[in-house]
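Participant: Provided herewith: structure.txt, compact mmCIF, C-alpha atoms.
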```txt
# COMPACT_ATOMS: atom_id res chain seq x y z
CA MET S 1 84.15 66.30 64.47
CA SER S 2 86.73 68.37 62.56
CA PRO S 3 88.31 66.65 59.52
CA PHE S 4 91.58 68.50 60.07
CA SER S 5 94.53 66.65 61.59
CA GLY S 6 97.96 67.70 62.78
CA SER S 7 101.25 65.83 62.78
CA THR S 8 100.05 62.52 64.22
CA PRO S 9 100.02 59.83 61.51
CA ARG S 10 97.19 57.39 60.92
CA THR S 11 97.31 54.48 63.37
CA GLU S 12 98.11 51.29 61.50
CA LYS S 13 97.55 48.81 64.34
CA TRP S 14 95.24 49.04 67.34
CA ARG S 15 96.40 46.98 70.32
CA HIS S 16 93.13 46.63 72.20
CA LEU S 17 90.60 45.97 69.45
CA ARG S 18 90.40 44.69 65.88
CA LEU S 19 89.58 47.01 62.99
CA THR S 20 88.67 45.97 59.45
CA ARG S 21 87.58 48.16 56.56
CA GLU S 22 85.72 47.38 53.38
CA ASP S 23 84.58 50.02 50.92
CA GLY S 24 83.38 52.62 53.41
CA VAL S 25 82.32 50.19 56.15
CA ALA S 26 84.49 49.82 59.25
CA THR S 27 84.02 46.93 61.67
CA VAL S 28 85.39 47.30 65.18
CA THR S 29 85.52 44.04 67.11
CA LEU S 30 86.11 43.79 70.83
CA ALA S 31 88.41 40.78 70.87
CA ARG S 32 88.92 39.39 74.38
CA PRO S 33 86.58 36.41 74.06
CA ASP S 34 88.12 34.63 77.04
CA LYS S 35 86.97 37.58 79.22
CA LEU S 36 83.65 38.14 77.43
CA ASN S 37 85.33 41.16 75.81
CA ALA S 38 85.68 42.97 79.13
CA LEU S 39 87.05 46.47 78.65
CA THR S 40 90.43 47.64 79.93
CA PHE S 41 91.90 51.14 80.25
CA GLY S 42 93.60 50.56 76.90
CA ALA S 43 90.38 49.42 75.21
CA TYR S 44 88.54 52.56 76.30
CA ALA S 45 91.41 54.74 75.08
CA ASP S 46 91.63 52.91 71.76
CA LEU S 47 87.88 53.29 71.16
CA ARG S 48 88.07 57.00 71.97
CA ASP S 49 91.06 57.57 69.69
CA LEU S 50 89.87 55.32 66.88
CA LEU S 51 86.51 57.06 66.57
CA ALA S 52 88.23 60.45 66.49
CA GLU S 53 90.65 59.23 63.82
CA LEU S 54 87.94 57.71 61.62
CA SER S 55 85.88 60.89 61.97
CA ARG S 56 88.77 62.98 60.69
CA GLU S 57 89.50 60.67 57.77
CA ARG S 58 85.97 60.92 56.37
CA SER S 59 86.50 57.63 54.49
CA VAL S 60 84.15 55.64 56.73
CA ARG S 61 80.42 55.86 55.98
CA ALA S 62 79.17 53.30 58.52
CA LEU S 63 80.65 51.43 61.46
CA VAL S 64 79.71 48.09 63.02
CA LEU S 65 80.66 47.50 66.65
CA ALA S 66 80.74 43.81 67.56
CA GLY S 67 82.11 41.38 70.11
CA GLU S 68 84.01 38.18 69.47
CA GLY S 69 83.01 34.86 71.00
CA ARG S 70 80.07 34.23 73.33
CA GLY S 71 78.95 37.80 73.94
CA PHE S 72 79.12 41.47 72.99
CA CYS S 73 80.84 42.99 76.04
CA SER S 74 80.67 42.20 79.75
CA GLY S 75 81.66 45.73 80.81
CA GLY S 76 84.78 46.89 82.63
CA ASP S 77 87.26 44.18 83.58
CA VAL S 78 86.80 43.41 87.28
CA ASP S 79 90.51 42.99 87.99
CA GLU S 80 92.09 45.39 85.50
CA ILE S 81 89.67 48.27 86.08
CA ILE S 82 87.57 47.81 89.22
CA GLY S 83 90.50 46.44 91.20
CA ALA S 84 92.84 49.11 89.89
CA THR S 85 90.49 52.01 90.62
CA LEU S 86 90.45 51.11 94.33
CA SER S 87 93.99 52.47 94.63
CA MET S 88 93.42 55.65 92.57
CA ASP S 89 93.03 59.11 94.03
CA THR S 90 90.14 61.41 93.13
CA ALA S 91 91.98 63.14 90.28
CA GLN S 92 92.87 59.82 88.66
CA LEU S 93 89.33 58.53 89.07
CA LEU S 94 87.95 61.68 87.47
CA ASP S 95 90.33 61.26 84.52
CA PHE S 96 89.19 57.66 84.05
CA ASN S 97 85.49 58.42 84.26
CA ARG S 98 85.87 61.34 81.88
CA MET S 99 87.61 59.02 79.40
CA THR S 100 84.74 56.52 79.45
CA GLY S 101 82.31 59.37 78.82
CA GLN S 102 84.48 60.57 75.93
CA VAL S 103 83.99 57.19 74.27
CA VAL S 104 80.21 57.57 74.42
CA ARG S 105 80.42 61.14 73.13
CA ALA S 106 82.62 59.93 70.26
CA VAL S 107 80.02 57.31 69.31
CA ARG S 108 77.26 59.92 69.34
CA GLU S 109 79.25 62.68 67.65
CA CYS S 110 81.08 60.78 64.88
CA PRO S 111 79.71 61.74 61.44
CA PHE S 112 78.68 58.20 60.43
CA PRO S 113 76.05 55.77 61.71
CA VAL S 114 77.21 53.25 64.31
CA ILE S 115 75.52 49.84 64.45
CA ALA S 116 75.95 47.60 67.50
CA ALA S 117 75.69 43.89 66.65
CA VAL S 118 74.69 42.34 69.97
CA HIS S 119 74.66 38.70 70.93
CA GLY S 120 74.99 37.28 74.42
CA VAL S 121 75.81 39.64 77.24
CA ALA S 122 75.96 43.43 76.93
CA ALA S 123 76.55 44.47 80.52
CA GLY S 124 77.72 47.59 82.33
CA ALA S 125 79.83 49.65 79.99
CA GLY S 126 79.02 47.17 77.22
CA ALA S 127 75.33 47.98 77.58
CA VAL S 128 76.08 51.72 77.41
CA LEU S 129 78.23 51.29 74.28
CA ALA S 130 75.34 49.51 72.59
CA LEU S 131 72.94 52.18 73.87
CA ALA S 132 75.07 54.95 72.37
CA ALA S 133 74.97 53.36 68.91
CA ASP S 134 72.50 54.59 66.32
CA PHE S 135 71.17 51.09 65.72
CA ARG S 136 71.17 48.01 67.95
CA ILE S 137 70.77 44.77 66.02
CA ALA S 138 70.39 41.84 68.42
CA ASP S 139 69.72 38.14 68.28
CA PRO S 140 67.61 36.18 70.81
CA THR S 141 70.63 35.42 73.01
CA ALA S 142 71.19 39.14 73.72
CA ARG S 143 70.70 40.44 77.23
CA PHE S 144 71.37 43.96 78.44
CA ALA S 145 72.24 44.79 82.04
CA PHE S 146 73.14 48.22 83.40
CA LEU S 147 74.97 46.85 86.44
CA PHE S 148 76.43 49.99 87.99
CA THR S 149 74.32 50.02 91.14
CA ARG S 150 75.18 46.34 91.63
CA VAL S 151 78.80 47.39 92.31
CA GLY S 152 77.80 50.33 94.51
CA LEU S 153 77.97 53.06 91.87
CA SER S 154 75.43 55.38 90.29
CA GLY S 155 73.36 53.95 87.47
CA GLY S 156 74.04 57.19 85.61
CA ASP S 157 77.40 56.11 84.23
CA MET S 158 78.91 57.12 80.87
CA GLY S 159 75.81 59.12 79.96
CA ALA S 160 73.36 56.27 80.58
CA ALA S 161 70.98 58.45 82.60
CA TYR S 162 70.87 60.88 79.66
CA LEU S 163 70.55 58.39 76.81
CA LEU S 164 68.41 55.57 78.20
CA PRO S 165 65.28 57.63 79.09
CA ARG S 166 65.37 59.06 75.59
CA VAL S 167 65.40 55.57 74.09
CA VAL S 168 63.01 53.63 76.34
CA GLY S 169 61.29 56.31 78.43
CA LEU S 170 61.83 57.42 82.01
CA GLY S 171 59.89 54.57 83.63
CA HIS S 172 61.81 51.76 81.98
CA ALA S 173 65.11 53.66 82.35
CA THR S 174 64.54 54.10 86.08
CA ARG S 175 63.94 50.38 86.51
CA LEU S 176 66.93 49.33 84.42
CA LEU S 177 69.41 51.80 85.92
CA MET S 178 68.19 51.53 89.50
CA LEU S 179 67.84 47.76 89.80
CA GLY S 180 70.46 46.62 87.30
CA GLU S 181 68.36 43.63 86.30
CA PRO S 182 69.05 41.96 82.94
CA VAL S 183 66.73 42.63 80.02
CA ARG S 184 66.54 39.80 77.53
CA ALA S 185 66.02 40.29 73.82
CA PRO S 186 62.20 39.95 73.63
CA GLU S 187 61.64 42.57 76.33
CA ALA S 188 64.40 44.77 74.91
CA GLU S 189 62.59 44.76 71.59
CA ARG S 190 59.24 45.50 73.27
CA ILE S 191 60.52 48.59 75.12
CA GLY S 192 62.48 49.90 72.14
CA LEU S 193 65.98 49.17 73.41
CA ILE S 194 66.88 47.26 70.26
CA SER S 195 66.25 48.36 66.70
CA GLU S 196 65.85 44.89 65.20
CA LEU S 197 65.65 41.35 66.55
CA THR S 198 67.18 38.72 64.27
CA ASP S 199 67.31 34.95 64.25
CA GLU S 200 69.95 33.44 66.53
CA GLY S 201 73.45 33.97 65.17
CA ASP S 202 72.34 36.51 62.54
CA ALA S 203 72.96 39.82 64.34
CA GLY S 204 76.41 40.26 62.80
CA THR S 205 75.20 39.48 59.30
CA ARG S 206 72.22 41.80 59.56
CA ALA S 207 74.37 44.58 61.03
CA ALA S 208 76.78 44.22 58.11
CA GLU S 209 73.88 44.40 55.64
CA LEU S 210 72.56 47.56 57.28
CA ALA S 211 76.06 49.07 57.31
CA ARG S 212 76.39 48.35 53.60
CA ARG S 213 73.05 50.01 52.89
CA LEU S 214 74.04 53.09 54.88
CA ALA S 215 77.51 53.26 53.34
CA ASP S 216 75.99 53.15 49.85
CA GLY S 217 73.50 55.91 50.68
CA PRO S 218 73.69 59.72 50.98
CA ALA S 219 76.37 59.92 53.66
CA LEU S 220 76.11 63.67 54.27
CA ALA S 221 72.35 63.43 54.74
CA TYR S 222 72.84 60.62 57.25
CA ALA S 223 75.57 62.54 59.07
CA GLN S 224 73.39 65.62 59.42
CA THR S 225 70.39 63.57 60.51
CA LYS S 226 72.50 61.98 63.26
CA ALA S 227 73.84 65.38 64.32
CA LEU S 228 70.32 66.85 64.52
CA LEU S 229 68.95 63.90 66.48
CA THR S 230 71.62 64.48 69.10
CA ALA S 231 71.57 68.28 69.10
CA GLU S 232 67.79 68.64 69.24
CA LEU S 233 67.24 66.35 72.24
CA ASP S 234 67.35 69.37 74.54
CA MET S 235 66.21 72.17 72.23
CA PRO S 236 62.87 73.97 72.27
CA LEU S 237 60.79 73.53 69.12
CA ALA S 238 61.58 77.01 67.76
CA ALA S 239 65.32 76.39 67.91
CA SER S 240 64.91 72.91 66.41
CA VAL S 241 62.95 74.03 63.36
CA GLU S 242 65.41 76.87 62.77
CA LEU S 243 68.33 74.43 62.91
CA ASP S 244 66.44 72.09 60.56
CA ALA S 245 65.88 74.94 58.12
CA ALA S 246 69.54 75.97 58.09
CA THR S 247 70.65 72.36 57.63
CA GLN S 248 68.24 71.74 54.75
CA ALA S 249 69.31 74.93 53.02
CA LEU S 250 72.94 73.77 53.15
CA LEU S 251 72.11 70.27 51.88
CA MET S 252 69.98 71.71 49.07
CA ASN S 253 73.21 73.26 47.77
CA GLY S 254 74.88 69.84 47.84
CA GLU S 255 75.70 67.46 45.00
CA ASP S 256 73.54 64.64 46.33
CA TYR S 257 70.37 66.74 46.22
CA ALA S 258 71.00 67.62 42.57
CA GLU S 259 71.95 64.00 41.84
CA PHE S 260 68.61 62.77 43.16
CA HIS S 261 66.75 65.07 40.78
CA ALA S 262 68.91 64.00 37.84
CA ALA S 263 68.47 60.32 38.68
CA PHE S 264 64.70 60.73 39.09
CA THR S 265 64.47 62.53 35.75
CA GLU S 266 66.61 59.90 34.00
CA LYS S 267 64.80 57.01 35.73
CA ARG S 268 67.95 55.52 37.26
CA PRO S 269 69.26 54.92 40.82
CA PRO S 270 71.11 57.90 42.35
CA LYS S 271 74.90 57.76 42.52
CA TRP S 272 75.42 59.24 45.97
CA GLN S 273 78.68 61.09 46.59
CA GLY S 274 78.23 62.16 50.20
CA ARG S 275 78.61 65.81 49.22
```
Before we go any further, please render this structure as structure tokens.

Facilitator:
Amino acid sequence: MSPFSGSTPRTEKWRHLRLTREDGVATVTLARPDKLNALTFGAYADLRDLLAELSRERSVRALVLAGEGRGFCSGGDVDEIIGATLSMDTAQLLDFNRMTGQVVRAVRECPFPVIAAVHGVAAGAGAVLALAADFRIADPTARFAFLFTRVGLSGGDMGAAYLLPRVVGLGHATRLLMLGEPVRAPEAERIGLISELTDEGDAGTRAAELARRLADGPALAYAQTKALLTAELDMPLAASVELDAATQALLMNGEDYAEFHAAFTEKRPPKWQGR
């Protein structure tokens, strides 16, 4: 994501989500608890634009994505999205579906780790948002459901058919996307869908702790690791090791690499600069 911006000023208030910042950590909260944080057209657009804006700023080193109330996100709002799409023509539907995919791309391509703090339901688009994150921290109440076939649509929505097999394997992904059955936290942990299972009510706290650790670490090294994990999913080995070599050569010219050596020599913790 390019750090260069044009004439558009920084957005001070986001209408469809809540954003807080603290010393390099951003927390984005889906805040429609009365609707289980169901997504609207505006929420998708705000997520897309917010991630692009934070990526350009380069002040955020880690981001937590959370949901307010009883669950993480119940997916697209049945009335405001599903009902509305019934009256759209093909061009409008293509624009909408491209926008939802742009959100997932923004999560994968932003230069900082994204941590989904999941409790309660993560369904439909909510499950894909969590899937796109770099880490999924969940408590025992979490349940994931890729419900797209349940409404008569393809299970391969928003990049789910690309991402899910790479996280849990083709067999599990086929079952989850084809049948749309819920996966509760213990099974999600067993098949690798979640990164860490916490005690009940602790997903948000643990996600914040992980975000703090990442924000205090070598941000450029994390950014490049994330970029390589995404880029190399479809590369042959020869191309991957060449890209790894070029990336390491660039980072070896960075300040953080020299700082590690200085800190090791002086027997002190490194002071990471993200450069």

Participant: List as a tab-separated table every residue of stretch 48-128 of chain S that is in contact with stretch 23-37 of chain S, defined as an atom at most 9 Å from one of its atoms (using all atoms listed in the file), together with the nearest atom pair and the distance in Å rounded to one decimal, sorted by chain and then rising number.

Facilitator:
```
residue	atom	partner	partner_atom	distance
S:Leu54	CA	S:Ala26	CA	8.9
S:Ser59	CA	S:Gly24	CA	6.0
S:Val60	CA	S:Gly24	CA	4.6
S:Arg61	CA	S:Gly24	CA	5.1
S:Ala62	CA	S:Val25	CA	5.0
S:Leu63	CA	S:Ala26	CA	4.7
S:Val64	CA	S:Thr27	CA	4.7
S:Leu65	CA	S:Val28	CA	5.0
S:Ala66	CA	S:Thr29	CA	4.8
S:Gly67	CA	S:Leu30	CA	4.7
S:Glu68	CA	S:Ala31	CA	5.3
S:Gly69	CA	S:Pro33	CA	5.0
S:Arg70	CA	S:Leu36	CA	6.7
S:Gly71	CA	S:Leu36	CA	5.9
S:Phe72	CA	S:Asn37	CA	6.8
S:Cys73	CA	S:Asn37	CA	4.9
S:Ser74	CA	S:Leu36	CA	5.5
S:Gly75	CA	S:Asn37	CA	7.7
S:Gly76	CA	S:Asn37	CA	8.9
S:Asp77	CA	S:Lys35	CA	7.9
S:Val121	CA	S:Leu36	CA	8.0
S:Gly126	CA	S:Asn37	CA	8.8
```

Participant: Contacts of S:Val128 at 8 Å or less, counting only C-alpha atoms, minus same-chain residues fewer than 3 places along, as a list in words?

Facilitator: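 My list of contacting residues is Val104, Ala123, Gly124, Ala125, Leu131, Ala132, Phe146, Met158, Gly159 and Ala160 of chain S.
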
Participant: Quote the spacing between atom CA of S:Glu196 and atom CA of S:Gln273 in Å to one decimal place.

Facilitator: 27.8 Å

Participant: Neighbouring residues of S:Thr40 were defined as those with any atom within 10 Å, considering only C-alpha atoms; residues of the same chain fewer than 6 positions away were excluded. Please report them as a ChimeraX atom specification.

Facilitator: /S:16,46,75-82

Participant: Could you check which of S:Leu220, S:Leu129, S:Ile194, S:Ala91 is closest to S:Arg105, using only C-alpha atoms?

Facilitator: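 Closest residue, counting only C-alpha atoms: S:Leu129.
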
Participant: Out of S:Ser7, S:Thr100, S:Ser55, S:Thr205, which residue has the shortest atom-to-atom distance to S:Ala223 when counting all atoms listed in the file?

Facilitator: S:Ser55

Participant: Please indicate the distance in Å from atom CA of S:Met99 to atom CA of S:Pro9, rounded to one decimal place.

Facilitator: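 About the pair atom CA of S:Met99 and atom CA of S:Pro9: they are 21.8 Å apart.
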
Participant: Pick from S:His172, S:His119, S:His261, S:Arg56: nearest to S:Leu197, with all atoms listed in the file counted?

Facilitator: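 Smallest distance to S:Leu197 is found for S:His119.
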
Participant: Tell me, in Å to one decimal, how far atom CA of S:Ala211 is from atom CA of S:Phe112.

Facilitator: 10.0 Å

Participant: Using only C-alpha atoms, find all polymer residues with an atom at most 8 Å away from the point (75.3, 52.3, 70.6); report them as a PyMOL selection string.

Facilitator: chain S and resi 107-108+114-116+128-136

Participant: Can those selected residues be exported to a file as a PDB file, in the frame of the given file so that it contains C-alpha atoms?

Facilitator:
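The result, written out as again-v6.pdb:
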```
ATOM      1  CA  VAL S 107      80.020  57.310  69.310  1.00  0.00           C
ATOM      2  CA  ARG S 108      77.260  59.920  69.340  1.00  0.00           C
ATOM      3  CA  VAL S 114      77.210  53.250  64.310  1.00  0.00           C
ATOM      4  CA  ILE S 115      75.520  49.840  64.450  1.00  0.00           C
ATOM      5  CA  ALA S 116      75.950  47.600  67.500  1.00  0.00           C
ATOM      6  CA  VAL S 128      76.080  51.720  77.410  1.00  0.00           C
ATOM      7  CA  LEU S 129      78.230  51.290  74.280  1.00  0.00           C
ATOM      8  CA  ALA S 130      75.340  49.510  72.590  1.00  0.00           C
ATOM      9  CA  LEU S 131      72.940  52.180  73.870  1.00  0.00           C
ATOM     10  CA  ALA S 132      75.070  54.950  72.370  1.00  0.00           C
ATOM     11  CA  ALA S 133      74.970  53.360  68.910  1.00  0.00           C
ATOM     12  CA  ASP S 134      72.500  54.590  66.320  1.00  0.00           C
ATOM     13  CA  PHE S 135      71.170  51.090  65.720  1.00  0.00           C
ATOM     14  CA  ARG S 136      71.170  48.010  67.950  1.00  0.00           C
TER      15      ARG S 136
END
```

Participant: Do a neighbour search on S:Ala231 at 10 Å with only C-alpha atoms, toss out local chain neighbours closer than 6 positions, and write the hits as an mmCIF file with C-alpha atoms, in the frame of the given file.

Facilitator:
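Generated file (around30.cif):
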```cif
data_model
loop_
_atom_site.group_PDB
_atom_site.id
_atom_site.type_symbol
_atom_site.label_atom_id
_atom_site.label_comp_id
_atom_site.auth_asym_id
_atom_site.auth_seq_id
_atom_site.Cartn_x
_atom_site.Cartn_y
_atom_site.Cartn_z
ATOM 1 C CA GLU S 109 79.250 62.680 67.650
ATOM 2 C CA THR S 225 70.390 63.570 60.510
ATOM 3 C CA SER S 240 64.910 72.910 66.410
ATOM 4 C CA LEU S 243 68.330 74.430 62.910
#
```

Participant: Using only C-alpha atoms, which of S:Glu209, S:Asp256, S:Glu232, S:Glu189 sits nearest S:Asp244?

Facilitator: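 Of all the options, S:Glu232 lies closest to S:Asp244.
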
Participant: As a list in words, please: the residues near S:Ala173 (cut-off 10 Å, all atoms listed in the file, same-chain neighbours under 6 positions excluded).

Facilitator: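 Contacts, in chain order: Phe146, Gly155, Ala160, Ala161, Tyr162, Leu163, Leu164, Pro165, Arg166, Val167, Leu179 and Ile191 of chain S.
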